[in-house]
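As stored in structure-v1.cif (mmCIF, C-alpha atoms):
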```
data_entry
#
loop_
_atom_site.label_atom_id
_atom_site.label_comp_id
_atom_site.auth_asym_id
_atom_site.auth_seq_id
_atom_site.Cartn_x
_atom_site.Cartn_y
_atom_site.Cartn_z
CA MET K 1 0.00 0.00 0.00
CA ASN K 2 1.07 3.57 -0.51
CA ALA K 3 1.18 5.97 2.41
CA ILE K 4 0.22 8.98 0.30
CA GLU K 5 -0.93 9.26 -3.30
CA ALA K 6 -1.51 12.77 -4.62
CA ARG K 7 -2.95 13.23 -8.12
CA GLY K 8 -3.08 16.65 -9.77
CA LEU K 9 -3.68 18.61 -6.60
CA SER K 10 -4.43 22.28 -7.18
CA LYS K 11 -5.53 24.98 -4.80
CA LYS K 12 -5.87 28.68 -5.36
CA TYR K 13 -5.76 31.39 -2.70
CA SER K 14 -5.57 35.07 -3.44
CA GLY K 15 -1.97 35.73 -4.44
CA PHE K 16 -0.97 32.08 -4.26
CA GLN K 17 -1.57 28.94 -6.26
CA LEU K 18 -0.58 25.34 -5.75
CA ARG K 19 -0.41 23.82 -9.22
CA ASP K 20 -0.99 20.22 -10.27
CA VAL K 21 0.98 18.40 -7.57
CA SER K 22 1.30 14.64 -8.02
CA PHE K 23 3.49 12.15 -6.18
CA THR K 24 3.39 8.72 -4.54
CA LEU K 25 4.98 7.95 -1.20
CA PRO K 26 5.37 4.18 -0.71
CA GLU K 27 4.60 2.82 2.72
CA GLY K 28 7.58 2.51 5.05
CA SER K 29 9.50 5.49 3.74
CA ILE K 30 10.30 9.00 4.88
CA MET K 31 9.57 11.92 2.56
CA GLY K 32 11.09 15.33 3.05
CA LEU K 33 9.22 18.33 1.75
CA VAL K 34 11.48 21.29 0.99
CA GLY K 35 10.65 24.74 -0.27
CA GLU K 36 11.09 28.41 0.51
CA ASN K 37 8.64 30.28 2.73
CA GLY K 38 5.38 30.58 0.87
CA ALA K 39 6.21 27.79 -1.60
CA GLY K 40 3.07 25.93 -0.61
CA LYS K 41 4.38 23.35 1.89
CA SER K 42 1.74 24.03 4.52
CA THR K 43 -1.02 24.25 1.90
CA LEU K 44 -0.01 20.84 0.56
CA ILE K 45 0.00 19.40 4.08
CA ARG K 46 -3.45 20.88 4.75
CA LEU K 47 -4.78 19.25 1.58
CA ILE K 48 -3.28 15.89 2.54
CA MET K 49 -4.80 16.10 6.02
CA GLY K 50 -8.19 17.13 4.68
CA ALA K 51 -7.98 20.44 6.56
CA ALA K 52 -8.61 22.24 3.26
CA ALA K 53 -10.42 21.06 0.14
CA ALA K 54 -8.54 20.96 -3.17
CA ASP K 55 -9.96 22.89 -6.13
CA SER K 56 -9.08 19.91 -8.31
CA GLY K 57 -7.23 16.63 -8.01
CA GLN K 58 -7.39 14.10 -5.22
CA VAL K 59 -5.26 12.62 -2.49
CA THR K 60 -5.40 9.20 -0.88
CA VAL K 61 -3.84 8.63 2.54
CA LEU K 62 -3.21 5.04 3.73
CA GLY K 63 -5.72 3.84 1.18
CA THR K 64 -8.53 6.22 2.12
CA GLN K 65 -9.42 9.22 0.02
CA THR K 66 -9.13 12.50 1.90
CA GLY K 67 -12.54 14.10 2.35
CA SER K 68 -14.48 10.83 2.04
CA PRO K 69 -16.68 9.90 5.06
CA LYS K 70 -14.28 7.07 5.96
CA PHE K 71 -11.40 9.54 6.29
CA ILE K 72 -12.52 10.64 9.77
CA LYS K 73 -11.77 7.13 11.00
CA ALA K 74 -8.48 7.03 9.12
CA LYS K 75 -7.28 10.02 11.12
CA ASP K 76 -6.63 7.66 14.03
CA ASP K 77 -3.77 6.30 11.93
CA ILE K 78 -2.20 9.71 11.33
CA GLY K 79 -0.05 11.55 13.83
CA VAL K 80 0.34 15.27 13.24
CA VAL K 81 2.85 17.81 14.49
CA LEU K 82 2.39 21.36 13.27
CA ASP K 83 4.94 24.14 13.55
CA GLU K 84 3.00 25.67 16.43
CA ALA K 85 1.73 23.28 19.07
CA HIS K 86 -1.64 24.36 20.44
CA PHE K 87 -1.72 22.85 23.89
CA PRO K 88 -3.68 24.65 26.61
CA VAL K 89 -0.83 26.35 28.46
CA SER K 90 -2.13 25.83 31.98
CA LEU K 91 -2.08 22.03 31.63
CA ASN K 92 0.89 19.74 32.17
CA ALA K 93 2.12 16.74 30.16
CA ALA K 94 0.28 14.20 32.33
CA GLN K 95 -3.03 16.03 31.84
CA ILE K 96 -2.46 16.24 28.08
CA GLY K 97 -2.05 12.46 28.17
CA HIS K 98 -5.51 12.08 29.72
CA ILE K 99 -7.11 14.26 27.06
CA MET K 100 -5.44 12.24 24.30
CA GLU K 101 -6.71 9.02 25.87
CA ASP K 102 -10.26 10.25 25.14
CA THR K 103 -9.33 11.47 21.65
CA TYR K 104 -7.58 8.46 20.12
CA SER K 105 -8.96 4.94 20.16
CA ARG K 106 -5.53 3.33 20.34
CA TRP K 107 -3.82 5.71 22.79
CA ASP K 108 -0.93 3.99 24.54
CA PRO K 109 -0.20 5.53 27.98
CA VAL K 110 2.85 3.30 28.52
CA GLU K 111 4.46 4.46 25.24
CA TYR K 112 3.61 8.07 26.12
CA ALA K 113 5.28 7.78 29.54
CA ARG K 114 8.31 6.16 27.91
CA LEU K 115 8.62 8.97 25.36
CA LEU K 116 8.26 11.69 28.01
CA GLN K 117 11.13 10.09 29.87
CA ARG K 118 13.28 9.59 26.78
CA LEU K 119 12.71 13.21 25.72
CA ASP K 120 13.42 14.47 29.21
CA LEU K 121 9.99 16.08 29.61
CA PRO K 122 8.62 16.73 33.13
CA GLU K 123 5.08 15.35 33.71
CA LYS K 124 3.94 17.91 36.25
CA LYS K 125 5.36 21.18 34.93
CA PRO K 126 2.75 23.48 33.32
CA ILE K 127 3.26 23.88 29.59
CA LYS K 128 3.46 27.67 29.86
CA ASN K 129 6.87 27.16 31.49
CA PHE K 130 8.09 24.96 28.61
CA SER K 131 10.73 26.16 26.14
CA ARG K 132 9.98 25.98 22.40
CA GLY K 133 12.02 22.79 22.11
CA MET K 134 10.14 21.16 24.98
CA THR K 135 6.73 22.04 23.50
CA MET K 136 7.80 20.59 20.17
CA LYS K 137 9.04 17.42 21.84
CA LEU K 138 5.71 17.11 23.69
CA ALA K 139 3.81 17.45 20.39
CA LEU K 140 6.01 14.70 18.96
CA ALA K 141 5.43 12.45 22.00
CA THR K 142 1.63 12.76 21.63
CA ALA K 143 1.80 12.15 17.86
CA LEU K 144 3.85 9.00 18.45
CA SER K 145 1.71 7.53 21.23
CA HIS K 146 -1.47 6.56 19.41
CA ASP K 147 -0.01 3.84 17.19
CA ALA K 148 -0.07 6.01 14.06
CA ARG K 149 1.05 4.61 10.74
CA LEU K 150 1.73 7.95 9.12
CA LEU K 151 3.38 10.85 10.82
CA VAL K 152 2.97 14.29 9.29
CA LEU K 153 5.30 16.98 10.60
CA ASP K 154 5.28 20.60 9.49
CA GLU K 155 8.58 22.34 10.30
CA PRO K 156 9.18 20.36 13.50
CA THR K 157 12.86 21.25 13.77
CA GLY K 158 12.65 24.99 13.05
CA GLY K 159 14.11 27.19 15.76
CA LEU K 160 15.50 24.25 17.72
CA ASP K 161 19.10 23.69 18.72
CA PRO K 162 21.18 21.00 16.96
CA MET K 163 21.03 18.58 19.92
CA VAL K 164 17.24 18.59 20.11
CA ARG K 165 17.00 18.32 16.31
CA ASP K 166 19.27 15.31 16.34
CA GLU K 167 17.17 13.72 19.07
CA ILE K 168 14.03 14.24 16.98
CA LEU K 169 15.68 12.67 13.92
CA ASP K 170 16.68 9.66 16.04
CA ILE K 171 13.11 9.19 17.20
CA LEU K 172 11.81 9.37 13.63
CA GLU K 173 14.35 6.74 12.53
CA ASP K 174 13.14 4.50 15.36
CA PHE K 175 9.52 5.09 14.41
CA THR K 176 10.14 3.82 10.87
CA ARG K 177 11.90 0.63 11.95
CA ARG K 178 8.51 -0.97 11.40
CA GLU K 179 7.83 -1.19 7.71
CA ASP K 180 4.18 -0.21 7.85
CA ARG K 181 5.10 3.24 9.14
CA SER K 182 5.78 6.31 7.05
CA VAL K 183 6.70 9.93 7.65
CA LEU K 184 6.09 13.17 5.78
CA ILE K 185 8.25 15.96 7.15
CA SER K 186 8.55 19.51 5.88
CA SER K 187 11.50 21.67 6.77
CA HIS K 188 13.75 24.26 5.32
CA ILE K 189 16.67 22.92 7.29
CA VAL K 190 17.80 20.84 4.34
CA SER K 191 20.67 19.17 6.21
CA ASP K 192 18.16 17.54 8.58
CA LEU K 193 16.27 16.11 5.63
CA GLU K 194 19.48 14.97 3.95
CA LYS K 195 20.21 12.78 6.97
CA LEU K 196 16.72 11.39 7.34
CA CYS K 197 14.76 11.03 4.15
CA ASP K 198 14.25 8.34 1.52
CA TYR K 199 12.46 10.71 -0.86
CA ILE K 200 12.78 14.43 -1.40
CA ALA K 201 10.01 16.64 -2.74
CA PHE K 202 10.85 20.22 -3.68
CA LEU K 203 8.06 22.78 -3.95
CA HIS K 204 8.90 26.06 -5.61
CA LYS K 205 6.33 28.81 -6.10
CA GLY K 206 3.46 26.37 -5.81
CA GLU K 207 4.90 23.79 -8.21
CA LEU K 208 6.51 20.46 -7.47
CA LEU K 209 9.90 20.86 -9.20
CA LEU K 210 11.33 17.63 -7.93
CA PHE K 211 10.20 14.37 -6.39
CA GLU K 212 12.94 11.79 -6.26
CA GLU K 213 14.77 9.22 -4.24
CA LYS K 214 17.31 11.17 -2.22
CA ASP K 215 20.40 9.05 -2.80
CA ARG K 216 19.67 8.82 -6.51
CA LEU K 217 19.43 12.59 -6.63
CA LEU K 218 22.84 12.93 -5.01
CA GLU K 219 24.32 10.36 -7.40
CA GLU K 220 22.82 11.69 -10.61
CA TYR K 221 23.75 15.32 -10.17
CA GLY K 222 27.11 16.93 -9.67
CA VAL K 223 28.50 20.42 -9.12
CA VAL K 224 30.96 21.68 -11.72
CA LYS K 225 33.18 24.75 -11.50
CA LEU K 226 34.28 25.93 -14.93
CA SER K 227 35.52 28.87 -16.93
CA GLU K 228 32.90 30.68 -18.99
CA ALA K 229 34.27 29.09 -22.20
CA ASP K 230 34.30 25.54 -20.82
CA PHE K 231 30.81 26.04 -19.46
CA GLU K 232 29.51 26.93 -22.92
CA ALA K 233 30.72 23.53 -24.13
CA VAL K 234 28.53 21.65 -21.63
CA PRO K 235 25.27 20.47 -23.23
CA LYS K 236 22.49 22.84 -22.20
CA ALA K 237 20.12 19.98 -21.41
CA ALA K 238 22.53 18.79 -18.70
CA VAL K 239 22.57 22.11 -16.84
CA LYS K 240 19.95 22.33 -14.10
CA GLY K 241 21.04 25.66 -12.68
CA ALA K 242 24.07 27.92 -12.82
CA ARG K 243 25.69 30.73 -10.89
CA ARG K 244 27.85 33.00 -13.03
CA GLY K 245 30.59 34.74 -11.07
CA LYS K 246 33.33 37.13 -12.02
CA TYR K 247 35.93 34.38 -12.21
CA GLY K 248 33.95 31.40 -13.43
CA VAL K 249 30.69 29.52 -13.49
CA GLU K 250 29.37 27.11 -10.91
CA ALA K 251 26.60 24.82 -12.08
CA LEU K 252 24.59 21.76 -11.21
CA VAL K 253 24.65 19.20 -14.00
CA ASP K 254 23.03 15.88 -14.78
CA LYS K 255 26.18 13.74 -14.84
CA SER K 256 24.82 11.19 -17.31
CA ILE K 257 24.62 13.73 -20.15
CA ALA K 258 27.17 16.35 -19.10
CA GLY K 259 30.09 14.82 -20.98
CA SER K 260 33.55 14.52 -19.49
CA VAL K 261 33.53 17.47 -17.06
CA ARG K 262 34.71 16.73 -13.55
CA ALA K 263 31.72 17.01 -11.22
CA GLU K 264 31.88 17.11 -7.43
CA LYS K 265 29.41 15.33 -5.20
CA PRO K 266 26.62 17.79 -4.39
CA THR K 267 24.92 18.27 -1.05
CA LEU K 268 21.14 18.22 -1.02
CA GLU K 269 21.30 21.95 -0.44
CA ASP K 270 23.29 22.42 -3.68
CA VAL K 271 20.67 20.46 -5.61
CA ILE K 272 17.76 22.44 -4.15
CA ILE K 273 19.36 25.84 -4.59
CA PHE K 274 20.43 25.24 -8.19
CA PHE K 275 17.03 23.82 -9.12
CA ALA K 276 15.42 26.96 -7.70
CA ARG K 277 17.90 29.22 -9.53
CA GLY K 278 17.51 27.37 -12.81
CA ASP K 279 14.27 29.07 -13.75
CA ARG K 280 15.80 32.53 -13.52
CA GLU K 281 17.86 32.10 -16.62
CA MET U 1 31.29 -6.00 11.28
CA ASN U 2 32.12 -2.36 10.72
CA ILE U 3 30.43 -0.38 7.99
CA ILE U 4 31.89 3.07 7.50
CA ILE U 5 30.10 5.39 5.13
CA SER U 6 32.07 8.37 4.00
CA ASN U 7 30.79 11.45 2.25
CA SER U 8 34.19 12.13 0.73
CA ASP U 9 34.17 8.69 -0.88
CA PRO U 10 33.28 9.20 -4.54
CA ARG U 11 31.47 5.86 -4.70
CA PRO U 12 27.71 5.92 -4.16
CA ILE U 13 26.50 4.85 -0.73
CA TYR U 14 24.99 1.55 -1.88
CA GLU U 15 28.41 0.54 -3.26
CA GLN U 16 30.12 1.45 0.01
CA VAL U 17 27.65 -0.70 1.95
CA GLY U 18 28.01 -3.59 -0.51
CA GLU U 19 31.82 -3.46 -0.39
CA ALA U 20 31.80 -3.41 3.44
CA ILE U 21 29.67 -6.56 3.52
CA ARG U 22 31.80 -8.22 0.81
CA SER U 23 35.00 -7.62 2.73
CA ALA U 24 33.42 -8.91 5.94
CA ILE U 25 32.67 -12.10 4.01
CA VAL U 26 36.25 -12.35 2.65
CA ARG U 27 37.75 -11.79 6.08
CA GLY U 28 35.50 -14.51 7.49
CA GLU U 29 33.69 -12.14 9.85
CA LEU U 30 30.51 -13.28 8.20
CA GLU U 31 30.36 -17.00 7.53
CA ALA U 32 28.36 -18.98 5.00
CA GLY U 33 24.77 -19.35 6.15
CA GLU U 34 25.05 -16.52 8.65
CA ALA U 35 22.13 -14.08 8.79
CA LEU U 36 22.71 -10.52 7.69
CA PRO U 37 21.04 -7.66 9.57
CA SER U 38 17.57 -6.78 8.23
CA ILE U 39 17.50 -4.16 5.49
CA ARG U 40 15.33 -1.86 7.55
CA GLY U 41 17.30 -2.29 10.77
CA LEU U 42 20.63 -1.74 9.01
CA SER U 43 19.33 1.40 7.27
CA LYS U 44 18.12 2.90 10.52
CA ASP U 45 21.36 2.04 12.33
CA LEU U 46 23.48 3.52 9.55
CA ARG U 47 21.04 6.39 9.11
CA ILE U 48 20.79 5.81 5.41
CA SER U 49 17.81 5.33 3.15
CA VAL U 50 16.04 1.96 3.11
CA ILE U 51 16.02 2.11 -0.70
CA THR U 52 19.80 2.43 -0.77
CA THR U 53 20.35 -0.57 1.52
CA LYS U 54 17.90 -2.59 -0.54
CA ARG U 55 19.89 -1.76 -3.65
CA ALA U 56 23.15 -2.86 -1.98
CA PHE U 57 21.56 -6.18 -0.96
CA GLU U 58 20.10 -6.70 -4.43
CA GLU U 59 23.51 -6.32 -6.03
CA LEU U 60 25.11 -8.68 -3.50
CA GLU U 61 22.39 -11.19 -4.25
CA ARG U 62 22.75 -10.78 -8.01
CA ASP U 63 26.49 -11.41 -7.71
CA GLY U 64 25.84 -14.52 -5.65
CA TYR U 65 27.31 -13.43 -2.31
CA ILE U 66 24.07 -13.55 -0.36
CA GLU U 67 20.71 -15.29 -0.60
CA THR U 68 17.38 -13.84 0.40
CA VAL U 69 14.61 -16.00 1.83
CA PRO U 70 11.29 -14.14 1.66
CA GLY U 71 9.99 -13.42 5.14
CA LYS U 72 13.20 -14.58 6.81
CA GLY U 73 15.88 -12.19 5.64
CA SER U 74 19.21 -12.45 3.87
CA PHE U 75 22.02 -14.91 4.49
CA VAL U 76 25.60 -15.30 3.34
CA ALA U 77 25.37 -17.70 0.41
CA ALA U 78 27.08 -21.07 0.82
CA SER U 79 28.85 -20.46 -2.46
CA GLY U 80 29.48 -16.82 -1.50
CA THR U 81 32.71 -17.29 0.44
CA GLY U 82 34.25 -19.68 -2.12
CA LEU U 83 33.14 -17.54 -5.03
CA LEU U 84 34.66 -14.47 -3.49
CA ARG U 85 37.99 -16.19 -2.82
CA GLU U 86 38.04 -17.36 -6.39
CA ARG U 87 37.54 -13.81 -7.65
CA ARG U 88 40.19 -12.38 -5.35
CA LEU U 89 42.66 -15.03 -6.56
CA SER U 90 42.12 -14.06 -10.17
CA GLU U 91 42.56 -10.37 -9.25
CA ILE U 92 45.89 -11.21 -7.61
CA GLU U 93 46.98 -13.21 -10.64
CA GLU U 94 46.14 -10.30 -12.89
CA SER U 95 48.11 -7.85 -10.73
CA LEU U 96 51.13 -10.14 -10.67
CA ARG U 97 51.00 -10.54 -14.44
CA ARG U 98 51.07 -6.77 -14.82
CA ALA U 99 54.04 -6.56 -12.43
CA LEU U 100 55.81 -9.20 -14.50
CA LEU U 101 55.20 -7.29 -17.73
CA LEU U 102 56.39 -4.02 -16.19
CA GLY U 103 59.46 -5.85 -14.90
CA ARG U 104 60.27 -7.22 -18.37
CA SER U 105 59.98 -3.77 -19.89
CA ALA U 106 62.46 -2.49 -17.29
CA GLY U 107 64.80 -5.43 -17.93
CA LEU U 108 64.17 -7.19 -14.60
CA GLY U 109 64.34 -10.98 -14.45
CA THR U 110 62.08 -13.29 -12.51
CA GLU U 111 64.74 -13.65 -9.78
CA GLU U 112 64.87 -9.92 -9.11
CA LEU U 113 61.09 -9.63 -9.11
CA THR U 114 60.72 -12.49 -6.64
CA GLU U 115 63.29 -10.82 -4.42
CA MET U 116 61.32 -7.57 -4.62
CA LEU U 117 58.13 -9.36 -3.62
CA ARG U 118 59.91 -11.01 -0.68
CA VAL U 119 61.25 -7.67 0.57
CA LEU U 120 57.85 -6.07 0.20
CA SER U 121 56.09 -8.80 2.11
CA GLU U 122 58.49 -8.35 5.01
CA GLU U 123 57.54 -4.72 5.26
CA GLU U 124 54.36 -3.92 7.03
CA LEU U 125 51.47 -3.39 4.67
#
```

Representation of the structure as structure tokens:
Amino acid sequence: MNAIEARGLSKKYSGFQLRDVSFTLPEGSIMGLVGENGAGKSTLIRLIMGAAAADSGQVTVLGTQTGSPKFIKAKDDIGVVLDEAHFPVSLNAAQIGHIMEDTYSRWDPVEYARLLQRLDLPEKKPIKNFSRGMTMKLALATALSHDARLLVLDEPTGGLDPMVRDEILDILEDFTRREDRSVLISSHIVSDLEKLCDYIAFLHKGELLLFEEKDRLLEEYGVVKLSEADFEAVPKAAVKGARRGKYGVEALVDKSIAGSVRAEKPTLEDVIIFFARGDRE
Amino acid sequence: MNIIISNSDPRPIYEQVGEAIRSAIVRGELEAGEALPSIRGLSKDLRISVITTKRAFEELERDGYIETVPGKGSFVAASGTGLLRERRLSEIEESLRRALLLGRSAGLGTEELTEMLRVLSEEEL
């Protein structure tokens, strides 16, 4: 089964349009959603979650079409962490646990207690005294404690220090040790996604510019640094994006058709940035 | 078994993983019939993509080093260790033949070459 199948999703807001987004995320894998602010990441996530209706196209999550009557039941299988956690600030972690017990049919208090301990979260401290990192970790603990099969995270690592981010990545790796579990995570901290993801989706100005297996992406493309004259000799079809400087050209090329130029291994950030630049020329 | 994945290594990650497993088999760290870690577990422990590990295992299987039993996992193939030794032997033969040819072109006889090999083998590799 596929975790997510999106077919021709479009949504128009005033001043913004998500255009014809299609992709398939196989079950058991982690997909990273990258894109600049306002690229449409949160809109796409809202469409997947059924929090907004698409103008056209459709999306199926864990075999159930978003928006169908059965989808309400399917939500038990989806754990969500949004960039702002909306817990009542006067409550503490233990009380949140009780509320969740009434919300989710498969809530697991033992798993919740284990995660609170692993994430170093106090049970009795009111949430208003939590730091941003602690609130985010609490949101993650609740999303992971109701036996979800798909975890959807919108910018969970933004504004957090490297240690907490690493801890979160570890927990997501552990979550996907079972092969019926999948993750969709959006972030503009590309290095986090480079460590974690099986697939990378790149949204740019409302369009899906890229959806590919991460390692394949890093193998197929390379960064070349050339003189203007040498650069002209590279087949145009191979060039995905270029930066022309005073002393030479730096470009991302498809290695299979770029000829004999010497290409360096790119980072995911190189790939993303050059793909975004590409359309300027 | 150690599997070190390096970003500065020009080889793709699936090749690095495959080579690490191959050399563990040659060194006898993994014996014929021994179970390999699960694809998913290994990916999570190495923090690499499941797809990449799967590709490494597929190539090892295609080349006859490991066997996969559906639902049970992958194992070092009985023929894997022998096969690998065989291939290494032919690589060594090939290297020695090249050394011999180079020696001839520089006017060295078999005696001198043998002496060179003996001296080299006494040094630490």

Test item: chain U residues at most 12 Å from chain K, counting only C-alpha atoms, as a list in words: Ser6, Asn7, Ser8, Asp9, Pro10, Arg11, Pro12, Ile13, Tyr14, Glu15, Ser38, Ile39, Arg40, Gly41, Leu42, Ser43, Lys44, Asp45, Leu46, Arg47, Ile48, Ser49, Val50, Ile51, Thr52, Thr53, Lys54 and Arg55 of chain U

Surrounding residues of Ile66 of chain U excluding itself and chain neighbours under 6 positions, 8 Å, only C-alpha atoms, as a VMD selection string: chain U and resid 57 60 74 to 77 80

Explicit residue set for the PyMOL selection byres ((chain K and resi 75) around 12), as number ranges by chain: K: 48-51, 61-74, 76-80, 103-106, 143, 146-152

File dump, residues just selected, C-alpha atoms, as a PDB file, keeping the file's coordinate frame:
```
ATOM      1  CA  ILE K  48      -3.280  15.890   2.540  1.00  0.00           C
ATOM      2  CA  MET K  49      -4.800  16.100   6.020  1.00  0.00           C
ATOM      3  CA  GLY K  50      -8.190  17.130   4.680  1.00  0.00           C
ATOM      4  CA  ALA K  51      -7.980  20.440   6.560  1.00  0.00           C
ATOM      5  CA  VAL K  61      -3.840   8.630   2.540  1.00  0.00           C
ATOM      6  CA  LEU K  62      -3.210   5.040   3.730  1.00  0.00           C
ATOM      7  CA  GLY K  63      -5.720   3.840   1.180  1.00  0.00           C
ATOM      8  CA  THR K  64      -8.530   6.220   2.120  1.00  0.00           C
ATOM      9  CA  GLN K  65      -9.420   9.220   0.020  1.00  0.00           C
ATOM     10  CA  THR K  66      -9.130  12.500   1.900  1.00  0.00           C
ATOM     11  CA  GLY K  67     -12.540  14.100   2.350  1.00  0.00           C
ATOM     12  CA  SER K  68     -14.480  10.830   2.040  1.00  0.00           C
ATOM     13  CA  PRO K  69     -16.680   9.900   5.060  1.00  0.00           C
ATOM     14  CA  LYS K  70     -14.280   7.070   5.960  1.00  0.00           C
ATOM     15  CA  PHE K  71     -11.400   9.540   6.290  1.00  0.00           C
ATOM     16  CA  ILE K  72     -12.520  10.640   9.770  1.00  0.00           C
ATOM     17  CA  LYS K  73     -11.770   7.130  11.000  1.00  0.00           C
ATOM     18  CA  ALA K  74      -8.480   7.030   9.120  1.00  0.00           C
ATOM     19  CA  ASP K  76      -6.630   7.660  14.030  1.00  0.00           C
ATOM     20  CA  ASP K  77      -3.770   6.300  11.930  1.00  0.00           C
ATOM     21  CA  ILE K  78      -2.200   9.710  11.330  1.00  0.00           C
ATOM     22  CA  GLY K  79      -0.050  11.550  13.830  1.00  0.00           C
ATOM     23  CA  VAL K  80       0.340  15.270  13.240  1.00  0.00           C
ATOM     24  CA  THR K 103      -9.330  11.470  21.650  1.00  0.00           C
ATOM     25  CA  TYR K 104      -7.580   8.460  20.120  1.00  0.00           C
ATOM     26  CA  SER K 105      -8.960   4.940  20.160  1.00  0.00           C
ATOM     27  CA  ARG K 106      -5.530   3.330  20.340  1.00  0.00           C
ATOM     28  CA  ALA K 143       1.800  12.150  17.860  1.00  0.00           C
ATOM     29  CA  HIS K 146      -1.470   6.560  19.410  1.00  0.00           C
ATOM     30  CA  ASP K 147      -0.010   3.840  17.190  1.00  0.00           C
ATOM     31  CA  ALA K 148      -0.070   6.010  14.060  1.00  0.00           C
ATOM     32  CA  ARG K 149       1.050   4.610  10.740  1.00  0.00           C
ATOM     33  CA  LEU K 150       1.730   7.950   9.120  1.00  0.00           C
ATOM     34  CA  LEU K 151       3.380  10.850  10.820  1.00  0.00           C
ATOM     35  CA  VAL K 152       2.970  14.290   9.290  1.00  0.00           C
TER      36      VAL K 152
END
```

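This file gives the following result for the PyMOL selection byres ((chain K and resi 252) around 7): Tyr221, Gly222, Val223, Val224, Val239, Lys240, Gly241, Ala242, Ala251, Val253, Val271 and Phe274 of chain K.
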
Length of the atom CA of Leu44 of chain K to atom CA of Arg181 of chain K vector [Å]: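 Here the two named atoms are 20.2 Å from each other.
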
All residues 12 Å or closer to His98 of chain K, all atoms listed in the file, same chain fewer than 2 positions away omitted, as a list in words: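 The neighbour list is Leu91, Asn92, Ala93, Ala94, Gln95, Ile96, Met100, Glu101, Asp102, Thr103, Tyr104, Trp107, Asp108, Pro109, Tyr112, Ala113, Glu123 and Thr142 of chain K.
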
Interatomic distance, atom CA of Arg118 of chain K to atom CA of Met134 of chain K (Å, one decimal):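 That distance, rounded to one decimal, is 12.1 Å.
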
Residues matched by the PyMOL selection byres ((chain K and resi 186) around 8), written as a VMD selection string: chain K and resid 32 to 34 41 153 to 156 184 to 185 187 to 188
